[in-house]
Structures are given as structure tokens and as C-alpha cells.
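Quick look at my_file.txt (compact mmCIF, C-alpha atoms):
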# COMPACT_ATOMS: atom_id res chain seq x y z
CA MET A 2 -24.99 -5.07 14.41
CA LYS A 3 -23.50 -1.60 14.53
CA ASN A 4 -19.98 -1.42 15.90
CA LYS A 5 -19.13 0.96 18.68
CA SER A 6 -17.16 4.02 17.54
CA LEU A 7 -13.45 4.44 18.00
CA LEU A 8 -14.52 7.67 19.63
CA ALA A 9 -16.44 5.69 22.26
CA SER A 10 -15.41 3.40 25.11
CA VAL A 11 -12.09 1.60 25.59
CA THR A 12 -13.68 -1.37 27.33
CA ALA A 13 -15.76 -2.41 24.34
CA GLY A 14 -12.72 -2.24 22.12
CA VAL A 15 -10.66 -4.56 24.30
CA ALA A 16 -13.41 -7.15 24.29
CA ALA A 17 -13.75 -6.89 20.53
CA LEU A 18 -10.04 -7.45 19.98
CA ALA A 19 -10.11 -10.48 22.23
CA LEU A 20 -12.84 -11.97 20.02
CA VAL A 21 -10.97 -11.21 16.82
CA LEU A 22 -7.69 -12.65 18.09
CA THR A 23 -9.39 -15.87 19.18
CA GLY A 24 -11.28 -16.15 15.88
CA CYS A 25 -14.64 -15.94 17.62
CA ALA A 26 -15.88 -12.66 16.25
CA SER A 27 -18.93 -13.08 14.02
CA GLU A 28 -18.19 -9.72 12.42
CA PRO A 29 -15.20 -7.36 12.44
CA LYS A 30 -15.25 -4.91 15.32
CA PRO A 31 -12.76 -2.03 15.48
CA VAL A 32 -10.74 -1.51 18.62
CA VAL A 33 -10.76 1.75 20.51
CA THR A 34 -7.30 3.29 20.65
CA GLU A 35 -8.04 6.37 22.76
CA GLU A 36 -11.05 7.84 24.50
CA ALA A 37 -11.91 11.17 22.92
CA SER A 38 -12.90 14.01 25.22
CA ALA A 39 -14.92 15.63 22.47
CA VAL A 40 -16.03 14.91 18.93
CA ILE A 41 -15.19 17.64 16.45
CA ASP A 42 -18.03 18.50 14.10
CA HIS A 43 -17.03 17.98 10.47
CA THR A 44 -20.54 18.19 9.00
CA GLY A 45 -20.35 19.11 5.33
CA GLU A 46 -16.74 17.94 4.98
CA THR A 47 -15.53 14.97 2.94
CA LEU A 48 -12.66 12.55 3.47
CA ASN A 49 -11.34 11.51 0.06
CA ILE A 50 -9.50 8.23 0.51
CA ASP A 51 -8.43 5.60 -1.97
CA PHE A 52 -8.89 1.90 -2.36
CA ALA A 53 -6.66 -0.22 -4.56
CA THR A 54 -6.34 -3.89 -5.38
CA TYR A 55 -2.65 -3.64 -4.42
CA ASN A 56 -3.70 -2.51 -0.93
CA PRO A 57 -5.74 -5.33 0.67
CA LEU A 58 -6.34 -3.38 3.87
CA SER A 59 -8.11 -0.63 1.94
CA LEU A 60 -10.40 -3.25 0.42
CA LEU A 61 -11.33 -4.64 3.84
CA ILE A 62 -12.03 -1.17 5.25
CA LYS A 63 -14.20 -0.20 2.30
CA ASN A 64 -16.00 -3.54 2.16
CA TYR A 65 -17.00 -3.52 5.82
CA GLY A 66 -17.74 0.19 6.07
CA TRP A 67 -15.46 0.66 9.05
CA LEU A 68 -14.50 4.26 8.31
CA GLU A 69 -18.10 5.28 7.73
CA GLU A 70 -19.05 3.85 11.11
CA GLU A 71 -16.17 5.40 12.97
CA LEU A 72 -16.74 8.82 11.45
CA ALA A 73 -20.53 8.85 11.73
CA GLU A 74 -20.47 10.99 14.87
CA THR A 75 -18.25 13.60 13.23
CA GLY A 76 -20.58 14.24 10.28
CA ILE A 77 -17.79 13.75 7.76
CA LYS A 78 -18.60 11.94 4.52
CA VAL A 79 -16.26 9.22 3.23
CA ASN A 80 -15.61 9.33 -0.52
CA TRP A 81 -13.82 6.25 -1.83
CA VAL A 82 -11.71 6.78 -4.96
CA GLN A 83 -9.98 3.91 -6.77
CA SER A 84 -6.25 4.15 -7.43
CA LEU A 85 -5.12 2.11 -10.42
CA SER A 86 -1.42 2.50 -9.62
CA SER A 87 0.97 4.37 -7.35
CA ALA A 88 1.40 6.98 -10.07
CA ASP A 89 -2.38 7.38 -10.25
CA ALA A 90 -2.63 7.80 -6.47
CA ASN A 91 0.21 10.34 -6.47
CA ALA A 92 -1.44 12.36 -9.24
CA LYS A 93 -4.71 12.45 -7.29
CA LEU A 94 -2.96 13.44 -4.07
CA LEU A 95 -1.17 16.26 -5.86
CA ALA A 96 -4.40 17.44 -7.48
CA GLY A 97 -6.31 17.39 -4.19
CA ALA A 98 -8.64 14.62 -5.35
CA LEU A 99 -7.35 12.46 -2.49
CA ASP A 100 -6.59 13.31 1.13
CA VAL A 101 -5.19 9.84 1.79
CA GLY A 102 -3.77 7.52 -0.85
CA SER A 103 -1.78 4.30 -1.04
CA THR A 104 1.41 3.89 -3.06
CA ALA A 105 4.62 1.96 -3.11
CA GLY A 106 7.33 3.47 -0.95
CA SER A 107 9.40 4.28 -4.02
CA ALA A 108 6.53 6.23 -5.55
CA ALA A 109 5.94 8.20 -2.37
CA LEU A 110 9.60 9.21 -2.24
CA LEU A 111 9.58 10.11 -5.93
CA ALA A 112 6.54 12.32 -5.48
CA ARG A 113 7.94 14.19 -2.49
CA SER A 114 11.35 14.52 -4.18
CA ASN A 115 9.59 16.32 -7.02
CA GLY A 116 7.69 18.67 -4.73
CA SER A 117 4.44 16.90 -3.87
CA PRO A 118 3.43 17.87 -0.29
CA ILE A 119 2.68 14.39 1.02
CA LYS A 120 3.62 12.54 4.19
CA THR A 121 3.70 8.79 4.77
CA ILE A 122 1.58 8.06 7.84
CA GLU A 123 1.69 4.25 7.89
CA ILE A 124 3.09 1.12 6.24
CA PHE A 125 0.20 -1.13 5.19
CA ASP A 126 2.20 -4.19 4.10
CA GLN A 127 5.49 -5.56 2.80
CA PRO A 128 4.75 -6.97 -0.64
CA GLU A 129 6.64 -8.81 -3.28
CA TRP A 130 4.22 -7.31 -5.76
CA ALA A 131 6.51 -6.56 -8.71
CA ALA A 132 8.32 -8.95 -11.03
CA LEU A 133 9.34 -9.20 -14.68
CA ALA A 134 7.10 -11.33 -16.87
CA VAL A 135 7.12 -12.55 -20.46
CA GLY A 136 4.51 -14.27 -22.59
CA PRO A 137 3.79 -18.01 -22.63
CA ASP A 138 5.92 -18.70 -25.70
CA SER A 139 8.69 -16.16 -25.14
CA LYS A 140 12.30 -17.14 -25.69
CA ILE A 141 13.45 -14.48 -23.17
CA LYS A 142 14.91 -16.30 -20.18
CA ASP A 143 16.54 -13.62 -18.01
CA VAL A 144 17.03 -9.89 -17.56
CA ALA A 145 20.12 -9.81 -19.80
CA ASP A 146 17.90 -10.89 -22.71
CA LEU A 147 15.92 -7.63 -22.42
CA GLU A 148 18.64 -5.63 -24.16
CA GLY A 149 17.14 -4.25 -27.37
CA LYS A 150 13.63 -5.32 -26.33
CA THR A 151 10.42 -3.46 -25.48
CA VAL A 152 9.12 -3.64 -21.90
CA ALA A 153 5.82 -2.33 -20.53
CA ALA A 154 6.06 -0.53 -17.18
CA LYS A 155 4.05 2.23 -15.54
CA LYS A 156 6.50 5.03 -14.79
CA GLY A 157 6.52 6.27 -11.20
CA THR A 158 5.50 2.89 -9.76
CA ASP A 159 7.32 0.05 -8.02
CA PRO A 160 7.37 -2.22 -11.12
CA TYR A 161 9.07 0.58 -13.08
CA PHE A 162 11.78 1.03 -10.45
CA PHE A 163 11.98 -2.75 -10.07
CA LEU A 164 12.77 -2.93 -13.79
CA LEU A 165 15.47 -0.25 -13.56
CA GLN A 166 17.12 -1.98 -10.59
CA ALA A 167 16.99 -5.34 -12.36
CA LEU A 168 18.57 -3.89 -15.52
CA ASP A 169 21.31 -2.28 -13.46
CA GLU A 170 22.04 -5.52 -11.62
CA ALA A 171 22.24 -7.41 -14.93
CA GLY A 172 24.51 -4.79 -16.49
CA VAL A 173 21.94 -3.77 -19.12
CA ASP A 174 21.93 -0.09 -20.09
CA PRO A 175 18.33 1.19 -19.73
CA ALA A 176 18.92 3.26 -22.88
CA THR A 177 19.02 -0.01 -24.85
CA VAL A 178 15.53 -0.97 -23.63
CA THR A 179 12.36 0.65 -24.95
CA ILE A 180 10.02 1.24 -22.02
CA GLN A 181 6.36 1.66 -22.89
CA ASN A 182 4.65 3.71 -20.17
CA LEU A 183 1.46 1.70 -19.73
CA ALA A 184 -0.95 1.31 -16.81
CA HIS A 185 -0.59 -2.04 -15.08
CA ALA A 186 -3.65 -3.65 -16.68
CA ASP A 187 -2.69 -2.28 -20.11
CA GLY A 188 0.80 -3.69 -19.69
CA LYS A 189 -0.67 -7.14 -19.21
CA THR A 190 -2.79 -6.72 -22.32
CA ALA A 191 0.23 -5.55 -24.33
CA LEU A 192 2.21 -8.57 -23.20
CA PHE A 193 -0.41 -11.04 -24.34
CA ASN A 194 -1.14 -9.35 -27.65
CA GLY A 195 2.56 -9.18 -28.48
CA SER A 196 2.91 -5.39 -28.41
CA VAL A 197 5.79 -5.69 -25.92
CA ASP A 198 8.39 -8.35 -25.25
CA ALA A 199 8.15 -8.20 -21.47
CA TRP A 200 6.18 -6.53 -18.70
CA ALA A 201 7.11 -5.20 -15.27
CA GLY A 202 3.88 -6.29 -13.60
CA LEU A 203 2.12 -5.66 -10.32
CA ASP A 204 0.02 -7.99 -8.17
CA PRO A 205 -2.76 -8.94 -8.14
CA ILE A 206 -2.90 -8.36 -11.94
CA LEU A 207 0.43 -10.15 -12.28
CA ALA A 208 -0.85 -13.20 -10.41
CA GLY A 209 -3.84 -13.33 -12.74
CA ALA A 210 -1.51 -13.16 -15.75
CA GLU A 211 0.40 -16.17 -14.45
CA THR A 212 -2.77 -18.25 -14.49
CA GLU A 213 -3.09 -17.32 -18.19
CA GLY A 214 0.41 -18.51 -19.02
CA ALA A 215 2.70 -15.56 -18.32
CA GLN A 216 6.16 -16.59 -17.13
CA LEU A 217 8.12 -14.77 -14.43
CA ILE A 218 11.75 -14.38 -15.51
CA TYR A 219 12.94 -12.37 -12.53
CA ARG A 220 11.84 -11.94 -8.93
CA ASN A 221 13.64 -10.12 -6.12
CA VAL A 222 11.81 -9.16 -2.94
CA ASP A 223 14.62 -6.76 -2.02
CA PHE A 224 13.79 -4.60 -5.06
CA ASN A 225 10.18 -4.16 -3.90
CA SER A 226 9.46 -1.20 -1.61
CA TYR A 227 6.81 -1.35 1.09
CA GLY A 228 3.18 -0.31 0.80
CA PHE A 229 2.96 3.32 2.01
CA LEU A 230 -0.20 5.05 3.17
CA ASN A 231 0.21 8.76 2.42
CA ALA A 232 -1.72 11.91 3.25
CA THR A 233 -1.47 15.48 2.06
CA GLU A 234 0.15 17.90 4.48
CA SER A 235 -2.89 20.17 4.29
CA PHE A 236 -5.18 17.33 5.39
CA LEU A 237 -2.94 16.42 8.33
CA GLU A 238 -2.75 20.04 9.45
CA LYS A 239 -6.47 20.70 9.10
CA ASN A 240 -7.88 17.37 10.33
CA PRO A 241 -5.48 15.61 12.70
CA ASP A 242 -8.43 13.99 14.49
CA ILE A 243 -9.62 12.37 11.26
CA ALA A 244 -6.07 11.30 10.40
CA GLN A 245 -5.93 9.54 13.76
CA VAL A 246 -9.15 7.67 13.04
CA VAL A 247 -7.79 6.61 9.64
CA THR A 248 -4.67 5.06 11.16
CA ASN A 249 -6.73 3.51 13.95
CA VAL A 250 -9.00 1.80 11.43
CA TYR A 251 -6.06 0.75 9.26
CA GLU A 252 -4.48 -0.89 12.28
CA GLU A 253 -7.69 -2.74 13.03
CA ALA A 254 -7.90 -3.85 9.42
CA ARG A 255 -4.35 -5.17 9.63
CA GLN A 256 -5.14 -7.11 12.79
CA TYR A 257 -8.34 -8.41 11.22
CA ALA A 258 -6.51 -9.56 8.08
CA ILE A 259 -3.99 -11.47 10.20
CA ALA A 260 -6.71 -13.14 12.27
CA ASN A 261 -9.16 -13.73 9.41
CA PRO A 262 -7.18 -14.73 6.30
CA ASP A 263 -10.06 -16.47 4.51
CA ALA A 264 -12.19 -13.32 4.65
CA THR A 265 -9.24 -11.31 3.36
CA TYR A 266 -8.75 -13.63 0.38
CA ALA A 267 -12.45 -13.41 -0.45
CA VAL A 268 -12.53 -9.61 -0.33
CA LEU A 269 -9.42 -9.33 -2.52
CA ALA A 270 -10.81 -11.84 -5.01
CA ALA A 271 -14.12 -9.98 -5.30
CA ALA A 272 -12.44 -6.60 -5.77
CA SER A 273 -9.84 -7.76 -8.30
CA GLY A 274 -11.82 -10.29 -10.30
CA LEU A 275 -9.44 -13.09 -9.37
CA SER A 276 -10.36 -16.53 -8.14
CA VAL A 277 -10.09 -17.05 -4.40
CA PRO A 278 -7.13 -19.47 -4.78
CA VAL A 279 -5.17 -16.87 -6.76
CA ALA A 280 -6.06 -14.14 -4.26
CA LYS A 281 -4.90 -16.47 -1.49
CA ALA A 282 -1.58 -16.97 -3.26
CA VAL A 283 -1.09 -13.21 -3.54
CA ILE A 284 -1.63 -12.77 0.21
CA THR A 285 0.17 -15.85 1.50
CA GLU A 286 3.07 -16.10 -0.93
CA ARG A 287 3.79 -12.50 -1.91
CA THR A 288 2.44 -10.22 0.82
CA VAL A 289 3.45 -9.79 4.46
CA ILE A 290 0.79 -8.00 6.49
CA ASP A 291 2.09 -8.93 9.95
CA ILE A 292 4.65 -6.11 10.12
CA ASN A 293 5.52 -3.09 12.20
CA PRO A 294 3.45 -0.39 10.45
CA ILE A 295 5.61 2.51 11.63
CA PRO A 296 7.91 3.69 8.80
CA GLY A 297 11.53 3.78 9.89
CA LYS A 298 15.06 2.49 9.32
CA LYS A 299 14.20 -0.53 7.13
CA GLN A 300 12.19 1.53 4.69
CA THR A 301 14.74 4.36 4.72
CA LYS A 302 17.60 2.00 3.86
CA LEU A 303 15.70 0.60 0.89
CA LEU A 304 14.58 4.00 -0.34
CA LYS A 305 18.12 5.39 -0.20
CA THR A 306 19.10 2.78 -2.76
CA ILE A 307 16.07 3.42 -4.95
CA GLY A 308 16.61 7.18 -4.67
CA LYS A 309 19.95 6.85 -6.44
CA VAL A 310 18.13 5.16 -9.32
CA PHE A 311 15.78 8.17 -9.55
CA VAL A 312 18.70 10.52 -10.14
CA ALA A 313 20.65 8.21 -12.45
CA ASN A 314 17.58 7.77 -14.64
CA GLY A 315 16.58 11.44 -14.62
CA ASP A 316 13.34 10.97 -12.67
CA VAL A 317 14.62 13.46 -10.07
CA ALA A 318 17.01 16.28 -10.97
CA THR A 319 19.40 16.07 -8.02
CA GLN A 320 20.40 13.74 -5.20
CA ALA A 321 19.88 16.64 -2.79
CA GLN A 322 16.16 16.63 -3.61
CA VAL A 323 15.94 12.94 -2.83
CA ASP A 324 17.88 13.30 0.42
CA GLU A 325 15.71 16.15 1.65
CA ALA A 326 12.51 14.33 0.68
CA LEU A 327 13.58 11.21 2.59
CA LYS A 328 14.35 13.28 5.69
CA THR A 329 10.85 14.78 5.70
CA LEU A 330 8.71 12.00 4.20
CA TYR A 331 7.44 10.30 7.36
CA ASP A 332 4.87 11.57 9.85
CA THR A 333 4.61 8.80 12.43
CA THR A 334 2.53 10.83 14.90
CA PHE A 335 -0.73 9.00 14.29
CA ILE A 336 0.39 5.42 13.70
CA LYS A 337 2.52 5.43 16.84
CA VAL A 338 -0.64 6.12 18.85
CA SER A 339 -2.60 3.43 16.99
CA TYR A 340 0.12 0.80 17.10
CA LYS A 341 0.96 1.38 20.76
CA ASN A 342 -2.64 0.97 21.85
CA ILE A 343 -3.30 -1.99 19.56
CA ASP A 344 -0.20 -3.71 20.97
CA VAL A 345 -1.27 -3.02 24.56
CA LYS A 346 -4.79 -4.32 23.95
CA ALA A 347 -3.53 -7.39 22.13
CA THR A 348 -1.37 -8.25 25.13
CA GLU A 349 -4.26 -7.67 27.53
CA ALA A 350 -6.59 -9.78 25.42
CA ALA A 351 -4.09 -12.64 25.22
CA GLU A 352 -3.53 -12.57 28.97
CA ALA A 353 -7.26 -12.58 29.60
CA LYS A 354 -7.82 -15.81 27.65
Exercise: express the given structure as C-alpha cells:
Amino acid sequence: MKNKSLLASVTAGVAALALVLTGCASEPKPVVTEEASAVIDHTGETLNIDFATYNPLSLLIKNYGWLEEELAETGIKVNWVQSLSSADANAKLLAGALDVGSTAGSAALLARSNGSPIKTIEIFDQPEWAALAVGPDSKIKDVADLEGKTVAAKKGTDPYFFLLQALDEAGVDPATVTIQNLAHADGKTALFNGSVDAWAGLDPILAGAETEGAQLIYRNVDFNSYGFLNATESFLEKNPDIAQVVTNVYEEARQYAIANPDATYAVLAAASGLSVPVAKAVITERTVIDINPIPGKKQTKLLKTIGKVFVANGDVATQAQVDEALKTLYDTTFIKVSYKNIDVKATEAAEAK
């Protein structure tokens, strides 16, 4: 059954949300956030947006075709591009291969600090997705043991900055550690074939590695930055109506994931090649989706700390660049509309039960 468009009636959306919240919906049905007075014709245009196994909401949206449905009336084509890491997403955003891409908060700040014209438009989750792992038979027991060792980490991603923060906390000079700049999946391979002594890994690949015998030697949720949904400034300026639909659909995906956890586990498992139990562990034990999606003080406080690591490690030339980037990183225009209306409709639906 074809869902009604977010550009259509408010009444249908309220009813749909009521069904989702009570677990009675036979299929996901996006909620209308605002009635549009007119649909802008985008025929011939393309929305380039990413999906990533570290962003479960993107997987739901792609799997169910929600964006395609909601944008059908506009004539815009949706082009899904996979991001293999935050660094990969940032590179594609900078190159114009993506209009909207998902990264860790640390990676978004790093990119803007170094001149990438991106804005964070929404927080998609609060993950504990990075940790330090060693092989099944490793004698390394803690972070202090990494001095003089080789560690795999993808530079420009949360696991990389997680590693730097962990080394700093343990009093280990990063100069005494050899960091191999490897993509997340390649880091796992290097760990198991003995090419590196340890790996700063990312879920869900990290969770899969645990089932194969990898041992986590250090976890710290406070060293993990949030999941940031970013868009290029040019896209936001040219297509604010499409940006609004994107945040609307992301908000519906978040609500759907909260109300339909089993479906969320299944979609993540299928996309990542993990078993459903492992995908469930990633979502339930190391990912918080039920959050306020508007970037603000919590994220800023965390990023201020991580920003100092950028400068100390030479990833950004000056602290002034980091400070200016953090001041201008967020564009909450669209998610505030989505979140406000979702919250209102959730309350109305609950009261109507």
C-alpha cells in the first residue's frame, strides 16, 4: 500500500503515528509534519544521500523506500551512496558526491574545521560504536600496553579520535604508537591476520569481530561522539524544501525504530551481514536512538574536548579554526520543525488511545 506523502494531509499522518506507537501498523507510514501550500518541481534533479551500517536509520529509510515515496511528487530522484566510514562520507560531501551524509560528530567538526562547507542538520543516534580491540590470543590487557605497538584506525573517524583520547588518558604518547590508517573492515582483517597489535574498531563490524574472538580492552561511552547527519551548505541553500523532507523522514525512521525494534534489528543484520542476535546487541547495548535529535549543548561540550585533541595531534592547524567551526556547525532549522511536529502528534496520538 502506498503511503501518503509528507506533502499531503496532516490528518492521515496523525492516524499513522498512532498506529506505529501502539505497534499496530502493518507497514511503516511516515507522519506529516507540515501541510505544504505548493510542491516545488525538481524534475531532473537528484538527491545524493548516503546509507551506512553505522547509521541504522539510513538503512530503514533506504530499505522501505520512504524518501522515494515522499519525494515522488517533486520529481527528484534519490541516489543512495554507501559510506564506509565518517572519513569516506566527509570526502564525498566535500567532492559533491553527496548532498547529505552521516558521520560521527567528531568527524563533522574535523571536516568543517578544515574548511569543508557542511552543516549538521540532525543527530541520528548516540552510539557507543568505538572501542579498542585485540586478537583472541593477545597478551595486551589495557591501553598502557599499546606503547610501542601498532594499532589500526581510520583517520578522521570516531575510532581514531577514541584511540587518541584513550592514549592521552592512559598517559601514552601517541608518537610511541604506530597508527596504520586502515578502513574499518580492513582494520578488522589486519587484527586477525596479525598485521597490527590492536584495532580501534567501529560497530557493527566491531560486534562481528567479537563473535570471532576479538577482545575489547577498553570501552568508554564518553569518548564516543554522536551520530551526525550533515548536508552541504549549497544543498541547504538551493533545496530547503528537500532538506525539510529529509529531516521529516529521518524523524519518522527514528520513531519507527523505537516502536519496532525487531524490524530494526533485521534490517541492520541484512545490510551488515551480521546475525540478527548480534545486530540486536549493537542496537540494544551500544546504541541509543531515543534521543533529542536537535544538536546542542551536550554535543558541543563533547566536541570542545575532542577539538583540543585535533590541534594537539596536528589534525587541525589552530584552535581558532576549531572554535569557529563549532560555532557555525549546526543548522537546526529543519529538525526543529520535524521534532516539534512529531512531538505534538505523538502526544495527540497517545491522548487519543
Proximity to Ser86 (chain A) - best of A:Ile292, A:Ile206, A:Leu303, A:Ala98, all atoms listed in the file: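 Nearest candidate to Ser86 (chain A) out of A:Ile292, A:Ile206, A:Leu303, A:Ala98: A:Ile206.
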Build an axis-aligned box that encloses every atom of region 301-316 of chain A listed in the file, pad it by 6 Å on each side, and report its centre and edge lengths in Å to one decimal, as lines of an AutoDock Vina configuration file.
center_x = 17.0
center_y = 6.0
center_z = -5.0
size_x = 19.3
size_y = 22.8
size_z = 31.4
Residues within 12 Å of (-2.4, -3.7, -23.7), file coords, only C-alpha atoms, listed as a ChimeraX atom specification: /A:152-155,181-200
Please determine, counting all atoms listed in the file, which residue among A:Asp42, A:Asp291, A:Glu74, A:Asp316 has the shortest atom-to-atom distance to Ser114 (chain A). A:Asp316
Which residue is closest to Leu110 (chain A)? Choose from A:Gly97, A:Gly157, A:Gly202, A:Gly149 and count all atoms listed in the file.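 Nearest to Leu110 (chain A): A:Gly157.
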Repaired coordinates for region 309-344 of chain A (N, CA and C atoms) as a PDB file, in the frame of the given file:
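Saved result, result.pdb, follows:
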ATOM      1  N   LYS A 309      18.813   6.685  -5.534  1.00  0.00           N
ATOM      2  CA  LYS A 309      19.950   6.850  -6.440  1.00  0.00           C
ATOM      3  C   LYS A 309      19.549   6.496  -7.870  1.00  0.00           C
ATOM      4  N   VAL A 310      18.632   5.545  -8.001  1.00  0.00           N
ATOM      5  CA  VAL A 310      18.130   5.160  -9.320  1.00  0.00           C
ATOM      6  C   VAL A 310      17.323   6.312  -9.926  1.00  0.00           C
ATOM      7  N   PHE A 311      16.549   7.010  -9.068  1.00  0.00           N
ATOM      8  CA  PHE A 311      15.780   8.170  -9.550  1.00  0.00           C
ATOM      9  C   PHE A 311      16.699   9.157 -10.279  1.00  0.00           C
ATOM     10  N   VAL A 312      17.793   9.490  -9.609  1.00  0.00           N
ATOM     11  CA  VAL A 312      18.700  10.520 -10.140  1.00  0.00           C
ATOM     12  C   VAL A 312      19.433  10.016 -11.373  1.00  0.00           C
ATOM     13  N   ALA A 313      19.914   8.779 -11.313  1.00  0.00           N
ATOM     14  CA  ALA A 313      20.650   8.210 -12.450  1.00  0.00           C
ATOM     15  C   ALA A 313      19.787   8.143 -13.691  1.00  0.00           C
ATOM     16  N   ASN A 314      18.478   7.912 -13.505  1.00  0.00           N
ATOM     17  CA  ASN A 314      17.580   7.770 -14.640  1.00  0.00           C
ATOM     18  C   ASN A 314      16.896   9.079 -15.044  1.00  0.00           C
ATOM     19  N   GLY A 315      17.167  10.152 -14.278  1.00  0.00           N
ATOM     20  CA  GLY A 315      16.580  11.440 -14.620  1.00  0.00           C
ATOM     21  C   GLY A 315      15.169  11.663 -14.111  1.00  0.00           C
ATOM     22  N   ASP A 316      14.687  10.783 -13.214  1.00  0.00           N
ATOM     23  CA  ASP A 316      13.340  10.970 -12.670  1.00  0.00           C
ATOM     24  C   ASP A 316      13.302  12.079 -11.622  1.00  0.00           C
ATOM     25  N   VAL A 317      14.446  12.343 -10.997  1.00  0.00           N
ATOM     26  CA  VAL A 317      14.620  13.460 -10.070  1.00  0.00           C
ATOM     27  C   VAL A 317      15.902  14.179 -10.478  1.00  0.00           C
ATOM     28  N   ALA A 318      15.870  15.502 -10.443  1.00  0.00           N
ATOM     29  CA  ALA A 318      17.010  16.280 -10.970  1.00  0.00           C
ATOM     30  C   ALA A 318      18.288  16.105 -10.164  1.00  0.00           C
ATOM     31  N   THR A 319      18.183  16.116  -8.841  1.00  0.00           N
ATOM     32  CA  THR A 319      19.400  16.070  -8.020  1.00  0.00           C
ATOM     33  C   THR A 319      19.253  15.108  -6.849  1.00  0.00           C
ATOM     34  N   GLN A 320      20.393  14.611  -6.372  1.00  0.00           N
ATOM     35  CA  GLN A 320      20.400  13.740  -5.200  1.00  0.00           C
ATOM     36  C   GLN A 320      19.968  14.519  -3.957  1.00  0.00           C
ATOM     37  N   ALA A 321      20.257  15.813  -3.931  1.00  0.00           N
ATOM     38  CA  ALA A 321      19.880  16.640  -2.790  1.00  0.00           C
ATOM     39  C   ALA A 321      18.364  16.661  -2.600  1.00  0.00           C
ATOM     40  N   GLN A 322      17.626  16.657  -3.700  1.00  0.00           N
ATOM     41  CA  GLN A 322      16.160  16.630  -3.610  1.00  0.00           C
ATOM     42  C   GLN A 322      15.682  15.329  -2.985  1.00  0.00           C
ATOM     43  N   VAL A 323      16.303  14.242  -3.385  1.00  0.00           N
ATOM     44  CA  VAL A 323      15.940  12.940  -2.830  1.00  0.00           C
ATOM     45  C   VAL A 323      16.271  12.882  -1.342  1.00  0.00           C
ATOM     46  N   ASP A 324      17.453  13.341  -0.976  1.00  0.00           N
ATOM     47  CA  ASP A 324      17.880  13.300   0.420  1.00  0.00           C
ATOM     48  C   ASP A 324      16.956  14.109   1.320  1.00  0.00           C
ATOM     49  N   GLU A 325      16.588  15.297   0.867  1.00  0.00           N
ATOM     50  CA  GLU A 325      15.710  16.150   1.650  1.00  0.00           C
ATOM     51  C   GLU A 325      14.315  15.543   1.762  1.00  0.00           C
ATOM     52  N   ALA A 326      13.834  14.958   0.672  1.00  0.00           N
ATOM     53  CA  ALA A 326      12.510  14.330   0.680  1.00  0.00           C
ATOM     54  C   ALA A 326      12.472  13.164   1.665  1.00  0.00           C
ATOM     55  N   LEU A 327      13.541  12.368   1.698  1.00  0.00           N
ATOM     56  CA  LEU A 327      13.580  11.210   2.590  1.00  0.00           C
ATOM     57  C   LEU A 327      13.633  11.642   4.051  1.00  0.00           C
ATOM     58  N   LYS A 328      14.282  12.764   4.315  1.00  0.00           N
ATOM     59  CA  LYS A 328      14.350  13.280   5.690  1.00  0.00           C
ATOM     60  C   LYS A 328      12.981  13.721   6.196  1.00  0.00           C
ATOM     61  N   THR A 329      12.118  14.161   5.294  1.00  0.00           N
ATOM     62  CA  THR A 329      10.850  14.780   5.700  1.00  0.00           C
ATOM     63  C   THR A 329       9.620  13.978   5.278  1.00  0.00           C
ATOM     64  N   LEU A 330       9.823  12.774   4.754  1.00  0.00           N
ATOM     65  CA  LEU A 330       8.710  12.000   4.200  1.00  0.00           C
ATOM     66  C   LEU A 330       7.754  11.456   5.253  1.00  0.00           C
ATOM     67  N   TYR A 331       8.273  10.992   6.384  1.00  0.00           N
ATOM     68  CA  TYR A 331       7.440  10.300   7.360  1.00  0.00           C
ATOM     69  C   TYR A 331       6.798  11.249   8.371  1.00  0.00           C
ATOM     70  N   ASP A 332       5.529  10.980   8.683  1.00  0.00           N
ATOM     71  CA  ASP A 332       4.870  11.570   9.850  1.00  0.00           C
ATOM     72  C   ASP A 332       4.291  10.406  10.637  1.00  0.00           C
ATOM     73  N   THR A 333       5.000   9.999  11.665  1.00  0.00           N
ATOM     74  CA  THR A 333       4.610   8.800  12.430  1.00  0.00           C
ATOM     75  C   THR A 333       3.735   9.124  13.634  1.00  0.00           C
ATOM     76  N   THR A 334       3.311  10.379  13.744  1.00  0.00           N
ATOM     77  CA  THR A 334       2.530  10.830  14.900  1.00  0.00           C
ATOM     78  C   THR A 334       1.327   9.930  15.167  1.00  0.00           C
ATOM     79  N   PHE A 335       0.559   9.663  14.128  1.00  0.00           N
ATOM     80  CA  PHE A 335      -0.730   9.000  14.290  1.00  0.00           C
ATOM     81  C   PHE A 335      -0.582   7.484  14.440  1.00  0.00           C
ATOM     82  N   ILE A 336       0.259   6.866  13.621  1.00  0.00           N
ATOM     83  CA  ILE A 336       0.390   5.420  13.700  1.00  0.00           C
ATOM     84  C   ILE A 336       1.062   4.981  14.988  1.00  0.00           C
ATOM     85  N   LYS A 337       1.915   5.807  15.557  1.00  0.00           N
ATOM     86  CA  LYS A 337       2.520   5.430  16.840  1.00  0.00           C
ATOM     87  C   LYS A 337       1.463   5.313  17.924  1.00  0.00           C
ATOM     88  N   VAL A 338       0.468   6.204  17.886  1.00  0.00           N
ATOM     89  CA  VAL A 338      -0.640   6.120  18.850  1.00  0.00           C
ATOM     90  C   VAL A 338      -1.444   4.853  18.590  1.00  0.00           C
ATOM     91  N   SER A 339      -1.797   4.603  17.333  1.00  0.00           N
ATOM     92  CA  SER A 339      -2.600   3.430  16.990  1.00  0.00           C
ATOM     93  C   SER A 339      -1.893   2.131  17.325  1.00  0.00           C
ATOM     94  N   TYR A 340      -0.635   2.036  16.925  1.00  0.00           N
ATOM     95  CA  TYR A 340       0.120   0.800  17.100  1.00  0.00           C
ATOM     96  C   TYR A 340       0.386   0.516  18.567  1.00  0.00           C
ATOM     97  N   LYS A 341       0.706   1.544  19.328  1.00  0.00           N
ATOM     98  CA  LYS A 341       0.960   1.380  20.760  1.00  0.00           C
ATOM     99  C   LYS A 341      -0.271   0.830  21.460  1.00  0.00           C
ATOM    100  N   ASN A 342      -1.427   1.398  21.164  1.00  0.00           N
ATOM    101  CA  ASN A 342      -2.640   0.970  21.850  1.00  0.00           C
ATOM    102  C   ASN A 342      -3.132  -0.382  21.371  1.00  0.00           C
ATOM    103  N   ILE A 343      -2.956  -0.672  20.074  1.00  0.00           N
ATOM    104  CA  ILE A 343      -3.300  -1.990  19.560  1.00  0.00           C
ATOM    105  C   ILE A 343      -2.441  -3.047  20.236  1.00  0.00           C
ATOM    106  N   ASP A 344      -1.134  -2.774  20.356  1.00  0.00           N
ATOM    107  CA  ASP A 344      -0.200  -3.710  20.970  1.00  0.00           C
ATOM    108  C   ASP A 344      -0.561  -3.959  22.428  1.00  0.00           C
TER     109      ASP A 344
END
